Every structure is written in C-alpha cells, then in structure tokens.
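Listing of query_19.tsv, TSV, C-alpha atoms
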chain	number	residue	atom	x	y	z
A	1	MET	CA	186.95	237.03	245.27
A	2	ASP	CA	185.62	239.96	243.23
A	3	ASP	CA	186.20	238.62	239.71
A	4	VAL	CA	183.28	236.28	239.08
A	5	SER	CA	184.96	234.81	236.01
A	6	ASP	CA	187.62	233.25	238.28
A	7	THR	CA	185.11	231.27	240.38
A	8	ASN	CA	183.95	227.76	239.60
A	9	ALA	CA	180.44	228.99	238.84
A	10	GLY	CA	181.83	231.88	236.80
A	11	ARG	CA	183.90	229.55	234.65
A	12	LEU	CA	180.90	227.29	234.12
A	13	ILE	CA	178.54	230.08	233.12
A	14	GLY	CA	181.14	231.69	230.86
A	15	PHE	CA	181.88	228.37	229.15
A	16	LEU	CA	178.21	227.64	228.50
A	17	HIS	CA	177.49	231.16	227.30
A	18	GLY	CA	180.21	230.76	224.69
A	19	LEU	CA	178.96	227.45	223.27
A	20	THR	CA	178.01	227.14	219.62
A	21	LEU	CA	176.01	224.32	218.09
A	22	ASP	CA	178.63	223.65	215.43
A	23	ALA	CA	181.34	223.14	218.07
A	24	LEU	CA	179.39	220.52	220.02
A	25	PRO	CA	180.19	216.84	219.48
A	26	PRO	CA	177.57	215.33	217.12
A	27	GLU	CA	176.51	212.76	219.69
A	28	VAL	CA	175.73	215.53	222.17
A	29	VAL	CA	173.44	217.24	219.68
A	30	THR	CA	171.73	213.93	218.87
A	31	LYS	CA	171.15	213.21	222.54
A	32	ALA	CA	169.71	216.69	223.03
A	33	LYS	CA	167.19	215.94	220.27
A	34	ASP	CA	166.29	212.67	222.01
A	35	CYS	CA	165.77	214.54	225.28
A	36	LEU	CA	163.52	217.07	223.56
A	37	LEU	CA	161.36	214.37	222.00
A	38	ASP	CA	161.15	212.40	225.23
A	39	GLY	CA	160.27	215.53	227.18
A	40	LEU	CA	157.49	216.46	224.77
A	41	GLY	CA	156.09	212.94	225.00
A	42	CYS	CA	156.11	213.11	228.80
A	43	GLY	CA	154.43	216.50	228.59
A	44	LEU	CA	151.69	215.27	226.28
A	45	PHE	CA	150.80	212.47	228.70
A	46	GLY	CA	151.22	214.69	231.74
A	47	SER	CA	149.00	217.39	230.29
A	48	GLU	CA	145.97	215.12	230.72
A	49	GLN	CA	146.55	214.50	234.41
A	50	PRO	CA	144.34	216.23	236.99
A	51	TRP	CA	147.10	218.47	238.32
A	52	SER	CA	147.86	219.82	234.85
A	53	ARG	CA	144.20	220.48	234.14
A	54	ILE	CA	143.80	222.33	237.43
A	55	LEU	CA	146.90	224.45	236.78
A	56	CYS	CA	145.77	225.38	233.27
A	57	GLU	CA	142.35	226.32	234.61
A	58	GLU	CA	144.08	228.57	237.14
A	59	MET	CA	146.10	230.24	234.38
A	60	ASP	CA	142.95	230.68	232.30
A	61	ALA	CA	141.24	232.30	235.28
A	62	ASP	CA	143.93	234.99	235.27
A	63	GLY	CA	142.79	235.96	231.78
A	64	LEU	CA	146.31	236.57	230.50
A	65	ALA	CA	146.82	236.68	226.73
A	66	GLY	CA	150.00	235.34	225.22
A	67	ALA	CA	151.60	233.68	222.22
A	68	CYS	CA	153.28	230.60	223.72
A	69	THR	CA	152.07	227.02	223.31
A	70	VAL	CA	150.76	224.98	226.22
A	71	ILE	CA	151.10	221.26	225.54
A	72	GLY	CA	147.70	219.63	225.03
A	73	ARG	CA	145.82	222.96	225.00
A	74	THR	CA	144.67	225.32	222.27
A	75	ARG	CA	144.84	228.58	224.22
A	76	PRO	CA	148.32	230.16	224.23
A	77	LEU	CA	149.70	231.90	227.30
A	78	PRO	CA	152.47	234.37	228.13
A	79	ALA	CA	155.91	232.76	228.21
A	80	PRO	CA	156.28	232.40	232.02
A	81	ALA	CA	152.80	230.88	232.38
A	82	ALA	CA	153.34	228.52	229.44
A	83	ALA	CA	156.63	227.37	230.96
A	84	LEU	CA	154.85	226.80	234.29
A	85	CYS	CA	152.16	224.63	232.71
A	86	ASN	CA	154.53	222.70	230.45
A	87	GLY	CA	157.08	222.06	233.17
A	88	THR	CA	154.36	220.69	235.41
A	89	ALA	CA	153.09	218.48	232.61
A	90	ILE	CA	156.52	217.09	231.70
A	91	HIS	CA	157.20	216.27	235.35
A	92	GLY	CA	153.60	215.19	235.74
A	93	PHE	CA	153.87	211.41	236.05
A	94	GLU	CA	157.41	210.38	237.08
A	95	LEU	CA	158.36	209.61	233.48
A	96	ASP	CA	160.77	212.43	232.67
A	97	ASP	CA	164.48	211.89	232.21
A	98	LEU	CA	167.04	211.63	234.99
A	99	ILE	CA	170.74	211.97	235.74
A	100	ALA	CA	171.52	209.57	238.56
A	101	GLU	CA	174.68	210.95	240.17
A	102	SER	CA	173.40	214.51	240.55
A	103	ILE	CA	169.84	213.32	241.32
A	104	VAL	CA	168.22	215.79	238.89
A	105	HIS	CA	165.42	215.71	236.29
A	106	PRO	CA	166.50	218.31	233.72
A	107	ALA	CA	163.84	218.01	230.99
A	108	ALA	CA	160.91	219.45	232.91
A	109	ALA	CA	162.80	222.64	233.78
A	110	VAL	CA	165.03	223.17	230.77
A	111	ILE	CA	162.79	222.25	227.85
A	112	PRO	CA	159.68	224.30	228.74
A	113	ALA	CA	161.80	227.36	229.57
A	114	ALA	CA	163.71	227.07	226.28
A	115	LEU	CA	160.56	226.53	224.20
A	116	ALA	CA	158.58	229.37	225.80
A	117	ALA	CA	161.48	231.79	225.41
A	118	ALA	CA	162.02	230.66	221.81
A	119	GLU	CA	158.37	231.18	220.87
A	120	GLU	CA	158.37	234.61	222.44
A	121	CYS	CA	161.50	235.87	220.71
A	122	GLY	CA	161.38	233.81	217.51
A	123	ALA	CA	164.56	231.84	218.12
A	124	SER	CA	165.62	228.98	215.86
A	125	GLY	CA	165.42	225.27	216.61
A	126	GLY	CA	169.19	225.17	216.69
A	127	ARG	CA	169.20	227.79	219.42
A	128	VAL	CA	166.75	225.65	221.41
A	129	LEU	CA	169.01	222.61	221.13
A	130	LEU	CA	172.00	224.65	222.29
A	131	ALA	CA	169.96	225.89	225.25
A	132	ILE	CA	168.99	222.33	226.16
A	133	VAL	CA	172.63	221.24	226.21
A	134	ALA	CA	173.59	224.25	228.34
A	135	GLY	CA	170.63	223.89	230.70
A	136	TYR	CA	171.25	220.19	231.28
A	137	GLU	CA	174.93	220.90	231.86
A	138	ILE	CA	174.47	223.50	234.57
A	139	MET	CA	171.68	221.56	236.28
A	140	HIS	CA	173.82	218.43	236.55
A	141	ARG	CA	176.84	220.34	237.77
A	142	VAL	CA	174.89	222.32	240.37
A	143	GLY	CA	173.42	219.03	241.61
A	144	LEU	CA	176.93	217.60	241.92
A	145	GLY	CA	178.12	220.78	243.59
A	146	LEU	CA	175.37	220.56	246.22
A	147	GLY	CA	176.32	216.99	247.13
A	148	ASP	CA	173.83	214.64	248.75
A	149	GLY	CA	173.38	216.66	251.93
A	150	PRO	CA	170.26	218.51	250.75
A	151	ALA	CA	168.52	215.28	249.72
A	152	ARG	CA	169.35	213.64	253.03
A	153	ARG	CA	167.85	216.60	254.88
A	154	GLY	CA	164.65	216.42	252.85
A	155	PHE	CA	165.19	218.96	250.07
A	156	HIS	CA	164.27	218.03	246.51
A	157	THR	CA	167.66	218.44	244.82
A	158	THR	CA	166.04	218.71	241.41
A	159	SER	CA	164.02	221.76	242.38
A	160	LEU	CA	167.04	223.42	243.99
A	161	ALA	CA	169.05	223.24	240.77
A	162	ALA	CA	166.15	223.61	238.33
A	163	PRO	CA	165.57	227.40	238.40
A	164	ILE	CA	169.23	227.94	237.50
A	165	ALA	CA	169.01	225.44	234.64
A	166	ALA	CA	165.78	226.94	233.31
A	167	THR	CA	167.32	230.40	233.45
A	168	MET	CA	170.39	229.24	231.57
A	169	ALA	CA	168.15	227.75	228.88
A	170	ALA	CA	165.87	230.76	228.55
A	171	GLY	CA	168.78	233.18	228.68
A	172	MET	CA	170.67	231.31	225.96
A	173	VAL	CA	167.61	231.30	223.70
A	174	MET	CA	167.08	235.01	224.28
A	175	GLY	CA	170.71	235.79	223.50
A	176	LEU	CA	171.43	237.50	226.82
A	177	SER	CA	174.87	239.01	227.24
A	178	LEU	CA	177.19	237.22	229.64
A	179	ALA	CA	176.66	239.93	232.26
A	180	ASP	CA	172.88	239.72	231.97
A	181	LEU	CA	172.95	235.92	232.06
A	182	ARG	CA	174.96	236.02	235.28
A	183	SER	CA	172.45	238.46	236.72
A	184	ALA	CA	169.55	236.22	235.71
A	185	ILE	CA	171.16	233.18	237.31
A	186	GLY	CA	171.85	235.21	240.44
A	187	LEU	CA	168.15	236.00	240.61
A	188	ALA	CA	167.21	232.38	239.96
A	189	CYS	CA	169.17	231.14	242.96
A	190	SER	CA	166.62	232.85	245.19
A	191	ALA	CA	163.86	230.85	243.48
A	192	SER	CA	165.40	227.53	244.51
A	193	SER	CA	163.12	225.61	246.85
A	194	GLY	CA	161.19	222.39	247.36
A	195	VAL	CA	160.93	219.87	250.19
A	196	LYS	CA	160.26	216.15	249.84
A	197	ASN	CA	157.38	215.85	252.25
A	198	PHE	CA	155.47	214.43	249.27
A	199	ALA	CA	157.48	211.22	249.77
A	200	ALA	CA	156.97	210.96	253.54
A	201	GLY	CA	154.25	208.33	253.28
A	202	HIS	CA	151.21	210.34	254.38
A	203	GLY	CA	149.96	211.13	250.90
A	204	GLY	CA	152.00	213.20	248.47
A	205	GLY	CA	149.23	215.22	246.90
A	206	MET	CA	150.15	217.05	243.69
A	207	VAL	CA	152.93	219.39	244.80
A	208	LYS	CA	155.91	217.51	243.33
A	209	ARG	CA	154.45	217.92	239.85
A	210	LEU	CA	154.57	221.68	240.42
A	211	HIS	CA	158.23	221.84	241.49
A	212	LEU	CA	159.57	221.79	237.95
A	213	GLY	CA	156.82	223.98	236.55
A	214	ARG	CA	157.67	226.70	239.03
A	215	ALA	CA	161.35	226.33	238.13
A	216	ALA	CA	160.64	226.69	234.40
A	217	GLU	CA	158.48	229.72	235.09
A	218	ALA	CA	161.26	231.27	237.19
A	219	GLY	CA	163.79	230.66	234.43
A	220	VAL	CA	161.80	232.63	231.90
A	221	ARG	CA	160.89	235.39	234.37
A	222	MET	CA	164.43	235.89	235.68
A	223	SER	CA	165.84	236.04	232.17
A	224	ARG	CA	163.28	238.63	231.15
A	225	LEU	CA	164.00	240.70	234.26
A	226	ALA	CA	167.74	240.58	233.63
A	227	ALA	CA	167.18	241.71	230.05
A	228	ARG	CA	165.50	244.80	231.56
A	229	GLN	CA	168.61	245.34	233.75
A	230	PHE	CA	167.10	243.99	236.97
A	231	THR	CA	170.36	242.81	238.54
A	232	GLY	CA	171.16	239.73	240.56
A	233	PRO	CA	174.12	238.85	242.81
A	234	PRO	CA	177.04	237.54	240.71
A	235	HIS	CA	178.23	234.97	243.28
A	236	ALA	CA	174.85	233.47	244.15
A	237	ILE	CA	175.81	229.89	243.27
A	238	ASP	CA	179.12	229.36	245.04
A	239	GLY	CA	179.74	232.52	247.04
A	240	LYS	CA	179.25	233.15	250.76
A	241	MET	CA	175.62	232.41	251.67
A	242	GLY	CA	175.07	231.29	248.10
A	243	LEU	CA	173.16	228.23	246.95
A	244	LEU	CA	175.93	225.68	247.61
A	245	ASP	CA	176.84	227.22	250.95
A	246	VAL	CA	173.28	227.40	252.27
A	247	PHE	CA	171.78	224.18	250.91
A	248	GLY	CA	174.87	222.04	250.40
A	249	GLY	CA	176.65	222.87	253.63
A	250	ASP	CA	179.26	220.25	254.50
A	251	THR	CA	178.59	218.24	251.35
A	252	ALA	CA	179.06	221.18	248.96
A	253	ARG	CA	181.73	220.58	246.34
A	254	PRO	CA	182.06	223.82	244.32
A	255	GLU	CA	184.97	222.41	242.33
A	256	ARG	CA	182.53	220.02	240.64
A	257	LEU	CA	180.87	222.96	238.92
A	258	SER	CA	183.75	223.31	236.50
A	259	GLN	CA	185.55	219.96	236.43
A	260	GLY	CA	185.90	218.47	232.94
A	261	LEU	CA	184.19	221.31	231.09
A	262	GLY	CA	184.02	220.48	227.39
A	263	ARG	CA	185.02	216.88	228.04
A	264	ASP	CA	182.19	215.42	230.14
A	265	TRP	CA	178.73	216.33	228.87
A	266	ALA	CA	175.75	216.05	231.22
A	267	VAL	CA	173.31	215.24	228.44
A	268	MET	CA	175.25	212.03	227.76
A	269	GLU	CA	174.57	210.89	231.34
A	270	ILE	CA	170.79	211.00	230.86
A	271	TRP	CA	168.71	207.87	231.10
A	272	PHE	CA	165.08	207.52	230.21
A	273	LYS	CA	162.70	205.76	232.57
A	274	VAL	CA	160.99	202.47	231.78
A	275	TYR	CA	158.50	202.72	234.65
A	276	PRO	CA	156.54	205.77	235.93
A	277	ILE	CA	158.07	205.58	239.40
A	278	CYS	CA	160.88	207.05	241.51
A	279	GLY	CA	164.33	206.49	240.05
A	280	TRP	CA	165.56	204.56	243.07
A	281	ILE	CA	162.92	201.87	242.47
A	282	GLN	CA	163.48	201.27	238.74
A	283	SER	CA	166.04	198.51	239.28
A	284	VAL	CA	163.88	196.75	241.90
A	285	VAL	CA	160.96	196.58	239.50
A	286	GLN	CA	163.16	195.51	236.60
A	287	ILE	CA	164.62	192.60	238.58
A	288	LEU	CA	161.22	191.43	239.81
A	289	SER	CA	159.75	191.71	236.32
A	290	ASP	CA	162.59	189.57	234.99
A	291	LEU	CA	162.05	187.00	237.75
A	292	ARG	CA	158.32	186.89	237.11
A	293	ARG	CA	158.55	186.57	233.34
A	294	ALA	CA	155.19	185.28	232.07
A	295	ARG	CA	154.04	183.74	235.35
A	296	ALA	CA	150.61	184.66	236.66
A	297	PHE	CA	151.07	184.96	240.41
A	298	GLN	CA	148.30	185.19	242.96
A	299	ALA	CA	148.85	187.11	246.18
A	300	SER	CA	148.84	183.81	248.10
A	301	ASP	CA	151.74	182.53	245.98
A	302	ILE	CA	154.13	185.16	247.32
A	303	GLU	CA	155.74	184.27	250.63
A	304	LYS	CA	158.37	186.98	250.92
A	305	VAL	CA	160.19	189.59	248.86
A	306	ARG	CA	163.54	190.73	250.24
A	307	VAL	CA	164.83	193.92	248.63
A	308	GLY	CA	168.31	195.39	249.08
A	309	VAL	CA	168.84	199.05	248.21
A	310	SER	CA	170.86	202.09	249.29
A	311	ALA	CA	170.42	203.44	252.80
A	312	TYR	CA	168.65	206.50	251.37
A	313	ALA	CA	166.07	204.42	249.50
A	314	ALA	CA	165.59	202.11	252.48
A	315	ARG	CA	164.93	205.09	254.73
A	316	ASN	CA	162.66	207.05	252.40
A	317	ASN	CA	160.92	204.62	250.06
A	318	GLY	CA	159.59	201.97	252.41
A	319	GLU	CA	155.93	202.96	252.90
A	320	PRO	CA	153.97	199.67	252.68
A	321	ALA	CA	150.51	201.22	252.33
A	322	PRO	CA	150.55	204.38	250.17
A	323	VAL	CA	147.29	206.28	249.92
A	324	ASP	CA	147.60	208.06	246.56
A	325	THR	CA	149.38	208.02	243.20
A	326	MET	CA	152.40	210.00	244.39
A	327	GLY	CA	152.86	207.71	247.38
A	328	ALA	CA	152.59	204.59	245.23
A	329	GLN	CA	155.21	205.88	242.79
A	330	TYR	CA	157.63	206.33	245.70
A	331	SER	CA	156.89	203.06	247.53
A	332	ILE	CA	159.21	200.08	247.12
A	333	PRO	CA	156.65	197.68	248.68
A	334	TYR	CA	153.84	198.83	246.40
A	335	CYS	CA	155.97	198.81	243.24
A	336	ALA	CA	157.37	195.39	244.15
A	337	ALA	CA	153.86	194.00	244.64
A	338	LEU	CA	152.72	195.55	241.37
A	339	SER	CA	155.66	193.95	239.56
A	340	LEU	CA	154.42	190.53	240.67
A	341	LEU	CA	150.66	190.98	240.30
A	342	GLY	CA	150.16	193.70	237.69
A	343	ASP	CA	151.89	195.77	235.03
A	344	PRO	CA	154.32	198.36	236.44
A	345	ARG	CA	154.65	200.04	233.03
A	346	ASP	CA	150.95	200.96	232.96
A	347	PRO	CA	150.23	204.41	234.46
A	348	THR	CA	146.69	203.38	235.39
A	349	GLU	CA	148.19	200.90	237.87
A	350	TYR	CA	149.07	203.87	240.11
A	351	ALA	CA	145.55	205.30	240.28
A	352	ARG	CA	144.18	205.83	243.78
A	353	GLU	CA	141.62	203.01	243.50
A	354	ARG	CA	144.28	200.54	242.32
A	355	VAL	CA	146.60	201.60	245.14
A	356	ALA	CA	143.95	200.42	247.61
A	357	ASP	CA	143.70	196.93	246.06
A	358	ALA	CA	143.65	194.27	248.81
A	359	ASP	CA	145.92	191.79	247.00
A	360	LEU	CA	148.55	194.44	246.28
A	361	ARG	CA	148.42	195.55	249.91
A	362	ALA	CA	148.82	191.94	251.06
A	363	VAL	CA	151.94	191.39	248.96
A	364	ALA	CA	153.36	194.81	249.87
A	365	ARG	CA	153.26	193.75	253.53
A	366	LYS	CA	155.52	190.80	252.64
A	367	VAL	CA	158.28	193.05	251.30
A	368	GLU	CA	161.35	193.35	253.53
A	369	ILE	CA	163.77	196.17	252.79
A	370	HIS	CA	167.40	196.19	253.87
A	371	VAL	CA	170.54	198.13	253.03
A	372	ASP	CA	172.61	196.25	250.48
A	373	PRO	CA	176.32	197.14	250.89
A	374	ALA	CA	176.88	196.87	247.15
A	375	ALA	CA	174.00	199.26	246.41
A	376	GLU	CA	175.17	201.67	249.11
A	377	ALA	CA	178.71	201.66	247.71
A	378	VAL	CA	177.64	202.98	244.29
A	379	TYR	CA	174.90	205.39	245.44
A	380	PRO	CA	174.12	208.01	244.11
A	381	ALA	CA	176.04	207.41	240.89
A	382	LYS	CA	173.96	204.27	240.36
A	383	PHE	CA	170.63	203.10	241.76
A	384	ALA	CA	171.51	199.46	242.35
A	385	ALA	CA	169.31	196.83	243.99
A	386	SER	CA	169.19	193.16	244.90
A	387	VAL	CA	166.04	191.07	245.21
A	388	GLU	CA	165.21	187.66	246.65
A	389	LEU	CA	161.75	186.31	245.87
A	390	SER	CA	160.22	183.42	247.82
A	391	VAL	CA	157.26	181.70	246.14
A	392	ALA	CA	155.11	178.96	247.65
A	393	GLY	CA	156.25	175.51	246.59
A	394	ALA	CA	159.45	176.68	244.90
A	395	ALA	CA	163.05	177.48	245.75
A	396	PRO	CA	163.78	181.19	246.35
A	397	LEU	CA	164.41	183.13	243.15
In structure tokens, what does this structure look like?
Amino acid sequence: MDDVSDTNAGRLIGFLHGLTLDALPPEVVTKAKDCLLDGLGCGLFGSEQPWSRILCEEMDADGLAGACTVIGRTRPLPAPAAALCNGTAIHGFELDDLIAESIVHPAAAVIPAALAAAEECGASGGRVLLAIVAGYEIMHRVGLGLGDGPARRGFHTTSLAAPIAATMAAGMVMGLSLADLRSAIGLACSASSGVKNFAAGHGGGMVKRLHLGRAAEAGVRMSRLAARQFTGPPHAIDGKMGLLDVFGGDTARPERLSQGLGRDWAVMEIWFKVYPICGWIQSVVQILSDLRRARAFQASDIEKVRVGVSAYAARNNGEPAPVDTMGAQYSIPYCAALSLLGDPRDPTEYARERVADADLRAVARKVEIHVDPAAEAVYPAKFAASVELSVAGAAPL
C-alpha cells in the first residue's frame, strides 16, 4: 500500500499529529501532569545512582556545550545528550511508570525527549504536555501491536517501542510537519533494540538503565535529522520488514495501532510503582507485606513461601540468589524474602551488600514459584499473583 495515511500506523501518526491541548479530555491532561511530576521525581533519585554519574562523566568528557538541563547537574548539555542522561536517570531504579498490557515504561523515553526538545526550541509547557500524551499513546499502541512475542524471545519491549515514542514527543514539541514526523519515526524504528539478558540471573549490570536513555536520545536526534530533510521509510512500523513484522512476527497485531483512537487514552492506563522492582513482582510483594503487617519475622520463622504468577514471570523472575541490584529487583525469591524480613519500599535494600545478606538468602531458598492459572489468564493485561505463607507454629497464611 503506497498511501501511508491508509495504514494503521499512518492513521495513528496522523491522529496524534493533529491533537490540540484544548481538545483533550481534562482528565487526560491532568494525568499527563501527574506523569511529568512522577517522572521528574524518578529522575532526581536516579540521577544520584552510579550509572547516572558515570554517564554524565562520559558526556562531560566529550566537552560538548549545550543549553539543556540535566537532572541533578549544573552543567547543561546539547539536547540529545541531555535526553540520554535524563532518560537513564528516570529509568534508573525501577521506579518509573508502567502500562501493564503493552509492557512499556513511557516516562523515561517520552519526558526527557520532550523536555530537551522544548528547551532547545523554546516550546511552551502546554506543548510539552501535548507531546507527553502523544508519546505515551504511540508507545502503548506499538507495544500492543508487537504482541508478547518479542518479550518471550528475550527482547525488552519497552526499548523496542521507546525510540518511536521519544521521536513522537520531540517531533510534536518541535512542530514538525506531518511528513517530517513520519520521516523521523521511520528513522527511529531502526534505533529500536534491547535484549533482556540483564534479567537472566547472572548479574544485570547497568545496561537496562541505559535502554531508555538511548531511546530518548534517538528521539531528539531523529527529529532533528528529519527537520533537516534526512528522510526515513514511511512504512517502518507496520510495513514489510518493519518493526512489527521483524520483532513481533506471529504475535504482531497491526490493527491495535489504531483501534479506539480518541476514545481509549494510553496515559489513563498508567500506574505508578510502589516498590522499586520489576512490575511482575509488585503484587507478590504487596500481598506478602499485607500478610506480614507489623510482625517482626526472623529467617527461622519462615517455613515456606509459595508464589503463583504468570508463566512468563515464573520462567524469568525465579533467580533465588541474585548477585547485584538489577538481579535483586527482578528476583521473586529475593523480593519475597525482603518483604518478610526488611522494607521493600527502601531502595537501599537492593544494594549489593544487602543482596548478599545470609538471612535473606535463606528465606529466598524457601520460595517456591508455580504458574497460577488465574494469573496466567489475565497476563499481560494484569500482573496478578497468589501467595501462601507458612510460618513456624502457625497455620498457613
């Protein structure tokens, strides 16, 4: 099909390009403001983490002068570099927002790209909010369009969709024409990448934090290139050998790109994390925290913890002995043990030295994980869980 406006991706991009702030439902604008504030808070905390410090030092070493703010730093950088640093910071401690069904974290890609582009071109706050709504929308819909095949094969769905979302946000702020915005998004599709080896249980290192920073950087860069008439393929999302075709494969659902446009808003599907851990594990920790209440358990008090989750979480989040912060944040056994012996809300509880604690390791070994049919039935739209806790001298909880 030659007319890009008649494709699912074409309809989506055209719809978003034509949005105005005044035409958005008031609750959508309010939620976008909430997402912006939450993202900035995540970025402020994330900016003090080692990976953010290292990245900023690397940018400083390049000696580039710019006018865009880097969260937690006094030295401004060029827009792409600022977006890189801020995206990494916002995604820097597993606290940034999430849309469950599409398995994406929009804030860390969309917000830094929108803010960097806005600072560079002097755009208004209203334009930033509009860009956030549009960026969240396309990121969610691309995630849905990919289906769960990429995640099951080990791709990080968030970082596949994120460059497109960041480009939409930056392009909207910059006021790109529809043709240039399509070009920019076509370029961004070739920046999609990211594998989930960080969650394989051998030590995740720092790379996941960088996935969203690189996406935010790409969003600003591709928008700037398109503004200079560097052209991209118009069918790169849902055309032959496009993003959905290559990464989604058999699970690709291109029709989901444009279903319910103007009726169902992605930003309204956002939820904010309570705990600095993988989304799949939030419900496990919440249940165990509720069961524990104010009790002060010792490791010897815990006889068994039986956790029921989706097949995906059971297969990928079961490492009983993580070796670093990233591994701990993705480990059901560690997070379950922490829920019973420590404070899972406290980021310091995921430090490398705490991860090696003998009592936490002992309880983590008592965690049994199984596939709960009820959790599997609602995955990925919901991250459900069931928990049975056996404590010495008491009936199972």
Would you work out the distance separating atom CA of Ile90 of chain A from atom CA of Ala134 of chain A, expressed in Å to one decimal? 18.8 Å
Env of segment 194-210 of chain A: 9 Å cut, atoms = all atoms listed in the file, seq-sep filter 5 positions within chain, self excluded. Answer as a PyMOL selection string. chain A and resi 50-52+55+84-85+87-94+151+153-160+215+316-327+330-331
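Distance annotation: of A:Gly175, A:Gly46, A:Gly39, A:Gly248, the residue with the minimal separation from Leu130 of chain A is A:Gly175; atom set is only C-alpha atoms.
For the atom pair formed by atom CA of Ala227 of chain A and atom CA of Pro106 of chain A, the distance is 23.7 Å, given to one decimal.
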Mind running segment 212-247 of chain A against segment 61-81 of chain A at 7 Å and telling me each contacting residue's nearest atom pair with the distance in Å (one decimal), counting all atoms listed in the file, chain and number ascending, as a Markdown table?
| residue | atom | partner | partner_atom | distance |
| --- | --- | --- | --- | --- |
| A:Glu217 | CA | A:Pro80 | CA | 4.6 |
| A:Val220 | CA | A:Pro80 | CA | 5.5 |
| A:Arg221 | CA | A:Pro80 | CA | 6.0 |
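Here atom CA of Cys42 of chain A is placed at a distance of 24.6 Å from atom CA of Ala313 of chain A.
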Using only C-alpha atoms, list the residues that have an atom at most 10 Å from (164.6, 202.5, 237.7), coordinates as in the file, as a list in words. Leu98, Ala100, Trp271, Phe272, Lys273, Val274, Tyr275, Pro276, Ile277, Cys278, Gly279, Trp280, Ile281, Gln282, Ser283, Val284, Val285, Gln286, Ile287, Lys382, Phe383, Ala384 and Ala385 of chain A
Please write the residues from the selection above to a file, keeping C-alpha atoms, as a short mmCIF file (atom, residue, chain, number, x, y, z; two decimals), in the coordinates of the input.
data_model
loop_
_atom_site.label_atom_id
_atom_site.label_comp_id
_atom_site.auth_asym_id
_atom_site.auth_seq_id
_atom_site.Cartn_x
_atom_site.Cartn_y
_atom_site.Cartn_z
CA LEU A 98 167.04 211.63 234.99
CA ALA A 100 171.52 209.57 238.56
CA TRP A 271 168.71 207.87 231.10
CA PHE A 272 165.08 207.52 230.21
CA LYS A 273 162.70 205.76 232.57
CA VAL A 274 160.99 202.47 231.78
CA TYR A 275 158.50 202.72 234.65
CA PRO A 276 156.54 205.77 235.93
CA ILE A 277 158.07 205.58 239.40
CA CYS A 278 160.88 207.05 241.51
CA GLY A 279 164.33 206.49 240.05
CA TRP A 280 165.56 204.56 243.07
CA ILE A 281 162.92 201.87 242.47
CA GLN A 282 163.48 201.27 238.74
CA SER A 283 166.04 198.51 239.28
CA VAL A 284 163.88 196.75 241.90
CA VAL A 285 160.96 196.58 239.50
CA GLN A 286 163.16 195.51 236.60
CA ILE A 287 164.62 192.60 238.58
CA LYS A 382 173.96 204.27 240.36
CA PHE A 383 170.63 203.10 241.76
CA ALA A 384 171.51 199.46 242.35
CA ALA A 385 169.31 196.83 243.99
#
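The residues that lie within 12 Å of the point (167.5, 213.7, 221.1), counting only C-alpha atoms, are Pro26, Glu27, Val28, Val29, Thr30, Lys31, Ala32, Lys33, Asp34, Cys35, Leu36, Leu37, Asp38, Gly39, Leu40, Asp97, Ala107, Ile111, Val128, Leu129, Leu130, Ile132, Val133, Val267, Met268, Ile270, Trp271 and Phe272 of chain A.
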